[in-house]
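Student: Next up, query-v6.cif (mmCIF, C-alpha atoms; chains and numbers go by the auth columns).
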```cif
data_target
#
loop_
_atom_site.group_PDB
_atom_site.id
_atom_site.type_symbol
_atom_site.label_atom_id
_atom_site.label_comp_id
_atom_site.label_asym_id
_atom_site.label_seq_id
_atom_site.Cartn_x
_atom_site.Cartn_y
_atom_site.Cartn_z
_atom_site.B_iso_or_equiv
_atom_site.auth_seq_id
_atom_site.auth_asym_id
ATOM 1 C CA MET A 1 7.027 25.654 4.694 0.00 1 E
ATOM 2 C CA ASP A 2 8.414 22.469 3.162 0.00 2 E
ATOM 3 C CA ASP A 3 6.081 20.053 1.479 0.00 3 E
ATOM 4 C CA ILE A 4 4.776 17.196 3.586 0.00 4 E
ATOM 5 C CA LYS A 5 5.366 13.949 1.689 0.00 5 E
ATOM 6 C CA ILE A 6 3.067 11.219 2.995 0.00 6 E
ATOM 7 C CA LEU A 7 3.483 7.534 2.194 0.00 7 E
ATOM 8 C CA LEU A 8 0.255 5.610 2.745 0.00 8 E
ATOM 9 C CA PRO A 9 0.565 1.847 2.218 0.00 9 E
ATOM 10 C CA TYR A 10 -2.846 0.569 1.124 0.00 10 E
ATOM 11 C CA ASN A 11 -3.786 -3.101 1.063 0.00 11 E
ATOM 12 C CA PHE A 12 -7.570 -2.838 0.597 0.00 12 E
ATOM 13 C CA THR A 13 -8.650 -3.652 4.173 0.00 13 E
ATOM 14 C CA SER A 14 -10.954 -1.806 6.540 0.00 14 E
ATOM 15 C CA TYR A 15 -7.860 -0.891 8.590 0.00 15 E
ATOM 16 C CA ASP A 16 -6.350 0.768 5.510 0.00 16 E
ATOM 17 C CA LYS A 17 -9.591 2.714 5.050 0.00 17 E
ATOM 18 C CA LYS A 18 -9.210 4.012 8.618 0.00 18 E
ATOM 19 C CA ALA A 19 -5.668 5.152 7.820 0.00 19 E
ATOM 20 C CA LEU A 20 -6.940 6.872 4.659 0.00 20 E
ATOM 21 C CA ASP A 21 -9.670 8.617 6.675 0.00 21 E
ATOM 22 C CA PHE A 22 -7.027 9.755 9.178 0.00 22 E
ATOM 23 C CA VAL A 23 -5.003 11.325 6.358 0.00 23 E
ATOM 24 C CA VAL A 24 -8.117 13.107 5.069 0.00 24 E
ATOM 25 C CA ARG A 25 -9.063 14.457 8.520 0.00 25 E
ATOM 26 C CA THR A 26 -5.530 15.538 9.348 0.00 26 E
ATOM 27 C CA PHE A 27 -4.124 16.887 6.088 0.00 27 E
ATOM 28 C CA ALA A 28 -6.991 17.809 3.726 0.00 28 E
ATOM 29 C CA ASP A 29 -6.771 21.544 4.444 0.00 29 E
ATOM 30 C CA LYS A 30 -3.019 21.752 3.823 0.00 30 E
ATOM 31 C CA LYS A 31 -1.950 22.708 0.292 0.00 31 E
ATOM 32 C CA GLU A 32 1.669 21.543 0.677 0.00 32 E
ATOM 33 C CA VAL A 33 0.745 17.870 1.175 0.00 33 E
ATOM 34 C CA ASP A 34 1.923 15.261 -1.324 0.00 34 E
ATOM 35 C CA ILE A 35 0.368 11.787 -0.877 0.00 35 E
ATOM 36 C CA THR A 36 1.562 8.494 -2.328 0.00 36 E
ATOM 37 C CA LEU A 37 -0.730 5.472 -2.114 0.00 37 E
ATOM 38 C CA PHE A 38 1.428 2.343 -2.146 0.00 38 E
ATOM 39 C CA ASN A 39 0.631 -1.302 -2.735 0.00 39 E
ATOM 40 C CA ALA A 40 3.083 -4.117 -3.320 0.00 40 E
ATOM 41 C CA TYR A 41 1.226 -7.051 -4.832 0.00 41 E
ATOM 42 C CA THR A 42 2.276 -10.638 -5.338 0.00 42 E
ATOM 43 C CA PRO A 43 2.507 -11.122 -9.112 0.00 43 E
ATOM 44 C CA ALA A 44 1.069 -14.171 -10.832 0.00 44 E
ATOM 45 C CA PRO A 45 3.959 -16.496 -11.686 0.00 45 E
ATOM 46 C CA PRO A 46 4.700 -17.226 -15.335 0.00 46 E
ATOM 47 C CA ILE A 47 4.009 -20.911 -16.015 0.00 47 E
ATOM 48 C CA GLU A 48 4.747 -22.842 -19.196 0.00 48 E
ATOM 49 C CA MET A 49 1.564 -24.625 -20.326 0.00 49 E
ATOM 50 C CA ARG A 50 2.848 -26.983 -23.092 0.00 50 E
ATOM 51 C CA GLY A 51 -0.456 -28.782 -23.475 0.00 51 E
ATOM 52 C CA SER A 52 -0.453 -30.347 -20.011 0.00 52 E
ATOM 53 C CA PRO A 53 -4.018 -30.879 -18.683 0.00 53 E
ATOM 54 C CA VAL A 54 -2.922 -30.001 -15.147 0.00 54 E
ATOM 55 C CA MET A 55 -1.342 -26.783 -16.345 0.00 55 E
ATOM 56 C CA GLU A 56 -4.482 -25.921 -18.308 0.00 56 E
ATOM 57 C CA GLN A 57 -6.421 -26.124 -15.037 0.00 57 E
ATOM 58 C CA MET A 58 -3.871 -23.784 -13.452 0.00 58 E
ATOM 59 C CA LYS A 59 -4.414 -21.292 -16.273 0.00 59 E
ATOM 60 C CA GLY A 60 -7.827 -20.375 -14.876 0.00 60 E
ATOM 61 C CA THR A 61 -6.361 -19.699 -11.449 0.00 61 E
ATOM 62 C CA LEU A 62 -3.572 -17.589 -12.924 0.00 62 E
ATOM 63 C CA ASN A 63 -6.089 -15.630 -14.983 0.00 63 E
ATOM 64 C CA TYR A 64 -8.067 -14.987 -11.802 0.00 64 E
ATOM 65 C CA LEU A 65 -4.929 -13.713 -10.039 0.00 65 E
ATOM 66 C CA SER A 66 -4.139 -11.385 -12.947 0.00 66 E
ATOM 67 C CA GLN A 67 -7.718 -10.118 -12.945 0.00 67 E
ATOM 68 C CA ARG A 68 -7.537 -9.503 -9.191 0.00 68 E
ATOM 69 C CA ILE A 69 -4.320 -7.478 -9.637 0.00 69 E
ATOM 70 C CA ASN A 70 -6.073 -5.326 -12.263 0.00 70 E
ATOM 71 C CA GLU A 71 -9.031 -4.815 -9.906 0.00 71 E
ATOM 72 C CA GLN A 72 -6.675 -3.675 -7.143 0.00 72 E
ATOM 73 C CA ASP A 73 -5.024 -1.202 -9.505 0.00 73 E
ATOM 74 C CA ASP A 74 -8.475 0.179 -10.354 0.00 74 E
ATOM 75 C CA GLU A 75 -9.356 0.370 -6.658 0.00 75 E
ATOM 76 C CA LEU A 76 -6.210 2.411 -5.964 0.00 76 E
ATOM 77 C CA LYS A 77 -7.284 4.809 -8.707 0.00 77 E
ATOM 78 C CA THR A 78 -10.687 5.047 -7.015 0.00 78 E
ATOM 79 C CA MET A 79 -8.940 5.938 -3.737 0.00 79 E
ATOM 80 C CA GLN A 80 -6.959 8.565 -5.650 0.00 80 E
ATOM 81 C CA SER A 81 -10.246 10.071 -6.871 0.00 81 E
ATOM 82 C CA HIS A 82 -11.645 9.880 -3.342 0.00 82 E
ATOM 83 C CA LEU A 83 -8.691 11.892 -2.000 0.00 83 E
ATOM 84 C CA SER A 84 -9.078 14.390 -4.821 0.00 84 E
ATOM 85 C CA GLY A 85 -12.743 14.816 -3.898 0.00 85 E
ATOM 86 C CA LYS A 86 -11.743 15.512 -0.293 0.00 86 E
ATOM 87 C CA GLY A 87 -9.668 18.545 -1.235 0.00 87 E
ATOM 88 C CA PHE A 88 -6.254 17.199 -2.185 0.00 88 E
ATOM 89 C CA GLY A 89 -4.892 18.430 -5.497 0.00 89 E
ATOM 90 C CA GLU A 90 -4.899 15.807 -8.249 0.00 90 E
ATOM 91 C CA ASP A 91 -1.270 16.571 -9.010 0.00 91 E
ATOM 92 C CA LYS A 92 -0.414 15.914 -5.341 0.00 92 E
ATOM 93 C CA ILE A 93 -1.777 12.348 -5.236 0.00 93 E
ATOM 94 C CA HIS A 94 0.394 9.560 -6.611 0.00 94 E
ATOM 95 C CA ILE A 95 0.072 5.794 -6.898 0.00 95 E
ATOM 96 C CA VAL A 96 2.882 3.264 -6.612 0.00 96 E
ATOM 97 C CA PHE A 97 1.506 -0.159 -7.543 0.00 97 E
ATOM 98 C CA GLU A 98 4.327 -2.611 -8.056 0.00 98 E
ATOM 99 C CA PRO A 99 5.222 -6.271 -7.569 0.00 99 E
ATOM 100 C CA LYS A 100 6.475 -7.219 -4.131 0.00 100 E
ATOM 101 C CA LYS A 101 10.278 -7.332 -4.034 0.00 101 E
ATOM 102 C CA LYS A 102 10.929 -8.288 -0.410 0.00 102 E
ATOM 103 C CA ASP A 103 8.296 -8.464 2.282 0.00 103 E
ATOM 104 C CA VAL A 104 5.721 -5.733 2.850 0.00 104 E
ATOM 105 C CA ALA A 105 7.763 -3.981 5.540 0.00 105 E
ATOM 106 C CA GLY A 106 10.926 -4.103 3.432 0.00 106 E
ATOM 107 C CA ASP A 107 9.158 -2.633 0.419 0.00 107 E
ATOM 108 C CA ILE A 108 7.665 0.175 2.540 0.00 108 E
ATOM 109 C CA ILE A 109 11.065 0.959 4.049 0.00 109 E
ATOM 110 C CA ASP A 110 12.777 0.996 0.640 0.00 110 E
ATOM 111 C CA LEU A 111 10.160 3.300 -0.878 0.00 111 E
ATOM 112 C CA ALA A 112 10.119 5.610 2.154 0.00 112 E
ATOM 113 C CA GLN A 113 13.882 6.029 1.961 0.00 113 E
ATOM 114 C CA LYS A 114 14.057 6.315 -1.825 0.00 114 E
ATOM 115 C CA GLY A 115 11.142 8.761 -2.031 0.00 115 E
ATOM 116 C CA THR A 116 12.320 10.816 0.952 0.00 116 E
ATOM 117 C CA PHE A 117 8.918 10.719 2.616 0.00 117 E
ATOM 118 C CA ASN A 118 8.729 12.573 5.900 0.00 118 E
ATOM 119 C CA VAL A 119 5.456 10.968 7.079 0.00 119 E
ATOM 120 C CA VAL A 120 4.451 7.308 6.839 0.00 120 E
ATOM 121 C CA VAL A 121 0.903 6.393 7.865 0.00 121 E
ATOM 122 C CA LEU A 122 0.433 2.745 8.830 0.00 122 E
ATOM 123 C CA ASN A 123 -2.421 0.830 10.323 0.00 123 E
ATOM 124 C CA ARG A 124 -2.272 -1.682 13.103 0.00 124 E
ATOM 125 C CA LYS A 125 -4.290 -4.855 12.987 0.00 125 E
ATOM 126 C CA PRO A 126 -5.067 -6.105 16.480 0.00 126 E
ATOM 127 C CA GLY A 127 -4.409 -9.704 17.453 0.00 127 E
ATOM 128 C CA LYS A 128 -2.830 -12.481 15.406 0.00 128 E
ATOM 129 C CA ILE A 129 -0.369 -14.554 17.365 0.00 129 E
ATOM 130 C CA ALA A 130 1.769 -15.064 14.235 0.00 130 E
ATOM 131 C CA ARG A 131 3.058 -11.500 14.604 0.00 131 E
ATOM 132 C CA PHE A 132 4.671 -12.554 17.866 0.00 132 E
ATOM 133 C CA PHE A 133 7.025 -14.750 15.838 0.00 133 E
ATOM 134 C CA THR A 134 7.398 -12.799 12.592 0.00 134 E
ATOM 135 C CA GLY A 135 7.149 -9.236 13.848 0.00 135 E
ATOM 136 C CA SER A 136 4.580 -6.762 12.642 0.00 136 E
ATOM 137 C CA VAL A 137 5.003 -4.490 9.655 0.00 137 E
ATOM 138 C CA PHE A 138 4.774 -1.352 11.762 0.00 138 E
ATOM 139 C CA SER A 139 7.395 -2.514 14.270 0.00 139 E
ATOM 140 C CA LYS A 140 9.855 -3.243 11.441 0.00 140 E
ATOM 141 C CA VAL A 141 9.143 0.108 9.768 0.00 141 E
ATOM 142 C CA VAL A 142 9.454 2.055 13.017 0.00 142 E
ATOM 143 C CA ALA A 143 12.778 0.387 13.785 0.00 143 E
ATOM 144 C CA ALA A 144 14.196 1.066 10.297 0.00 144 E
ATOM 145 C CA LEU A 145 13.108 4.621 9.510 0.00 145 E
ATOM 146 C CA LYS A 146 14.920 7.424 11.262 0.00 146 E
ATOM 147 C CA ASP A 147 14.013 11.112 10.922 0.00 147 E
ATOM 148 C CA THR A 148 10.570 10.099 9.653 0.00 148 E
ATOM 149 C CA THR A 149 7.252 10.720 11.357 0.00 149 E
ATOM 150 C CA ILE A 150 5.315 7.476 11.554 0.00 150 E
ATOM 151 C CA CYS A 151 1.611 7.595 12.352 0.00 151 E
ATOM 152 C CA ILE A 152 0.038 4.324 13.418 0.00 152 E
ATOM 153 C CA VAL A 153 -3.732 4.272 13.089 0.00 153 E
ATOM 154 C CA SER A 154 -5.458 1.646 15.199 0.00 154 E
#
```
Take the structure in this file and express it as structure tokens.
Tutor:
Amino acid sequence: MDDIKILLPYNFTSYDKKALDFVVRTFADKKEVDITLFNAYTPAPPIEMRGSPVMEQMKGTLNYLSQRINEQDDELKTMQSHLSGKGFGEDKIHIVFEPKKKDVAGDIIDLAQKGTFNVVVLNRKPGKIARFFTGSVFSKVVAALKDTTICIVS
């Protein structure tokens, strides 16, 4: 049987934890499963300080953002260990932690196509009227990915 390549976008919410639990319940006993945890973060912008008092105040905020990015990277590694403890082989669990290039949906679509994933596991957050105008991540991903199984965990 061909390997099952799963792309699991993870953005550190309780909904993402549900999607992770779904992957564990559904695929933990299968040896041919390859999982990629994916997060596209917003990088801290580079700002020239040049002795400006206002910019010095911004430095603390930028340091906080950089620290938060490092914490998220560590948290993804913790999720990798969690999956390993649930029966997935360490060599079958990968992390893609990279700066956002487009929007979240666009980055998921690009990675899914480039990495030839055959399963994408997304979560669905109920509510939020803003999605009526902007479209949800899962609706954009579903529309763009053909020949890919997409699991939406609610």
Student: Where does the PyMOL selection byres ((chain E and resi 4) around 9) land in this file, that is, which residues does it pick, as a VMD selection string?
Tutor: chain E and resid 1 to 3 5 to 6 32 to 35 117 to 119
Student: Once you have the residues from the selection above, write them out as a compact mmCIF listing (two decimals), in the coordinates of the input, restricted to C-alpha atoms.
Tutor:
```txt
# COMPACT_ATOMS: atom_id res chain seq x y z
CA MET E 1 7.03 25.65 4.69
CA ASP E 2 8.41 22.47 3.16
CA ASP E 3 6.08 20.05 1.48
CA LYS E 5 5.37 13.95 1.69
CA ILE E 6 3.07 11.22 3.00
CA GLU E 32 1.67 21.54 0.68
CA VAL E 33 0.74 17.87 1.18
CA ASP E 34 1.92 15.26 -1.32
CA ILE E 35 0.37 11.79 -0.88
CA PHE E 117 8.92 10.72 2.62
CA ASN E 118 8.73 12.57 5.90
CA VAL E 119 5.46 10.97 7.08
```
Student: Which neighbours of segment 91-108 of chain E fall inside 8 Å, counting all atoms listed in the file, when residues of the same chain fewer than 6 positions from it are skipped, and could you give them as a list in words?
Tutor: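 Everything that qualifies: Pro9, Val33, Asp34, Ile35, Thr36, Leu37, Phe38, Asn39, Ala40, Tyr41, Thr42, Pro43, Asp73, Leu76, Lys77, Gln80, Leu83, Ser84, Val137, Phe138, Lys140 and Val141 of chain E.
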Student: Applying the PyMOL selection byres ((chain E and resi 14-20) around 9) to the file I just gave you, which residues come out? Please list them as number ranges by chain.
Tutor: E: 8-13, 21-25, 79, 83, 121-125, 151-154
Student: With a distance cut-off of 9 Å and only C-alpha atoms, select the neighbouring residues of segment 146-148 of chain E, excluding the residue or stretch itself and same-chain residues fewer than 2 positions from it, and output the selection as a PyMOL selection string.
Tutor: chain E and resi 112+116-120+142-144+150
Student: Give the padded box for segment 26-34 of chain E as JSON: axis-aligned, covering all atoms listed in the file, 3 Å on each side, centre and edge lengths in Å to one decimal.
Tutor:
```
{"center_x": -2.5, "center_y": 19.0, "center_z": 4.0, "size_x": 14.9, "size_y": 13.4, "size_z": 16.7}
```
Student: Need the shell around segment 28-31 of chain E: protein/DNA/RNA residues with any atom at most 7 Å away, counting all atoms listed in the file. Skip same-chain ones fewer than 6 positions apart. Format as a list in words?
Tutor: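 Near segment 28-31 of chain E, the qualifying residues are Lys86, Gly87 and Phe88 of chain E.
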Student: So how many Å separate atom CA of Met58 of chain E and atom CA of Asn70 of chain E, to one decimal?
Tutor: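 Calculated distance between atom CA of Met58 of chain E and atom CA of Asn70 of chain E is 18.6 Å.
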Student: To one decimal place, how far is atom CA of Leu111 of chain E from atom CA of Leu145 of chain E in Å?
Tutor: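 Interatomic distance here is 10.9 Å.
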Student: Please compute the atom CA of Thr61 of chain E-atom CA of Pro46 of chain E distance, one decimal, in Å.
Tutor: 12.0 Å
Student: Can I get segment 60-80 of chain E with N, CA, C and O atoms filled in, as a compact mmCIF listing (two decimals), keeping the file's coordinate frame?
Tutor:
```txt
# COMPACT_ATOMS: atom_id res chain seq x y z
N GLY E 60 -6.67 -21.10 -15.40
CA GLY E 60 -7.83 -20.38 -14.88
C GLY E 60 -7.50 -19.65 -13.58
O GLY E 60 -7.90 -18.50 -13.37
N THR E 61 -6.76 -20.31 -12.71
CA THR E 61 -6.36 -19.70 -11.45
C THR E 61 -5.43 -18.52 -11.69
O THR E 61 -5.57 -17.46 -11.07
N LEU E 62 -4.49 -18.68 -12.61
CA LEU E 62 -3.57 -17.59 -12.92
C LEU E 62 -4.30 -16.41 -13.55
O LEU E 62 -3.97 -15.25 -13.27
N ASN E 63 -5.29 -16.71 -14.39
CA ASN E 63 -6.09 -15.63 -14.98
C ASN E 63 -6.85 -14.87 -13.89
O ASN E 63 -6.97 -13.65 -13.94
N TYR E 64 -7.36 -15.62 -12.91
CA TYR E 64 -8.07 -14.99 -11.80
C TYR E 64 -7.12 -14.06 -11.03
O TYR E 64 -7.48 -12.94 -10.68
N LEU E 65 -5.90 -14.54 -10.76
CA LEU E 65 -4.93 -13.71 -10.04
C LEU E 65 -4.60 -12.44 -10.82
O LEU E 65 -4.53 -11.35 -10.25
N SER E 66 -4.42 -12.56 -12.11
CA SER E 66 -4.14 -11.38 -12.95
C SER E 66 -5.32 -10.41 -12.94
O SER E 66 -5.13 -9.20 -12.87
N GLN E 67 -6.52 -10.96 -12.99
CA GLN E 67 -7.72 -10.12 -12.94
C GLN E 67 -7.80 -9.40 -11.60
O GLN E 67 -8.13 -8.21 -11.54
N ARG E 68 -7.50 -10.10 -10.53
CA ARG E 68 -7.54 -9.50 -9.19
C ARG E 68 -6.51 -8.36 -9.06
O ARG E 68 -6.80 -7.33 -8.46
N ILE E 69 -5.34 -8.53 -9.65
CA ILE E 69 -4.32 -7.48 -9.64
C ILE E 69 -4.84 -6.24 -10.37
O ILE E 69 -4.68 -5.11 -9.90
N ASN E 70 -5.49 -6.45 -11.51
CA ASN E 70 -6.07 -5.33 -12.26
C ASN E 70 -7.16 -4.62 -11.46
O ASN E 70 -7.27 -3.39 -11.49
N GLU E 71 -7.98 -5.40 -10.73
CA GLU E 71 -9.03 -4.82 -9.91
C GLU E 71 -8.43 -3.96 -8.79
O GLU E 71 -8.94 -2.90 -8.46
N GLN E 72 -7.33 -4.44 -8.20
CA GLN E 72 -6.68 -3.68 -7.14
C GLN E 72 -6.09 -2.37 -7.68
O GLN E 72 -6.17 -1.33 -7.02
N ASP E 73 -5.53 -2.42 -8.87
CA ASP E 73 -5.02 -1.20 -9.51
C ASP E 73 -6.16 -0.20 -9.70
O ASP E 73 -6.02 0.99 -9.40
N ASP E 74 -7.31 -0.69 -10.17
CA ASP E 74 -8.48 0.18 -10.35
C ASP E 74 -8.96 0.74 -9.02
O ASP E 74 -9.36 1.91 -8.93
N GLU E 75 -8.91 -0.09 -7.97
CA GLU E 75 -9.36 0.37 -6.66
C GLU E 75 -8.43 1.47 -6.11
O GLU E 75 -8.89 2.42 -5.49
N LEU E 76 -7.14 1.35 -6.37
CA LEU E 76 -6.21 2.41 -5.96
C LEU E 76 -6.54 3.72 -6.69
O LEU E 76 -6.48 4.80 -6.09
N LYS E 77 -6.89 3.61 -7.95
CA LYS E 77 -7.28 4.81 -8.71
C LYS E 77 -8.57 5.42 -8.14
O LYS E 77 -8.73 6.63 -8.12
N THR E 78 -9.47 4.56 -7.66
CA THR E 78 -10.69 5.05 -7.02
C THR E 78 -10.34 5.79 -5.73
O THR E 78 -10.92 6.85 -5.43
N MET E 79 -9.38 5.26 -4.96
CA MET E 79 -8.94 5.94 -3.74
C MET E 79 -8.27 7.27 -4.07
O MET E 79 -8.43 8.25 -3.34
N GLN E 80 -7.57 7.32 -5.19
CA GLN E 80 -6.96 8.56 -5.65
C GLN E 80 -8.06 9.60 -5.94
O GLN E 80 -7.95 10.76 -5.54
```
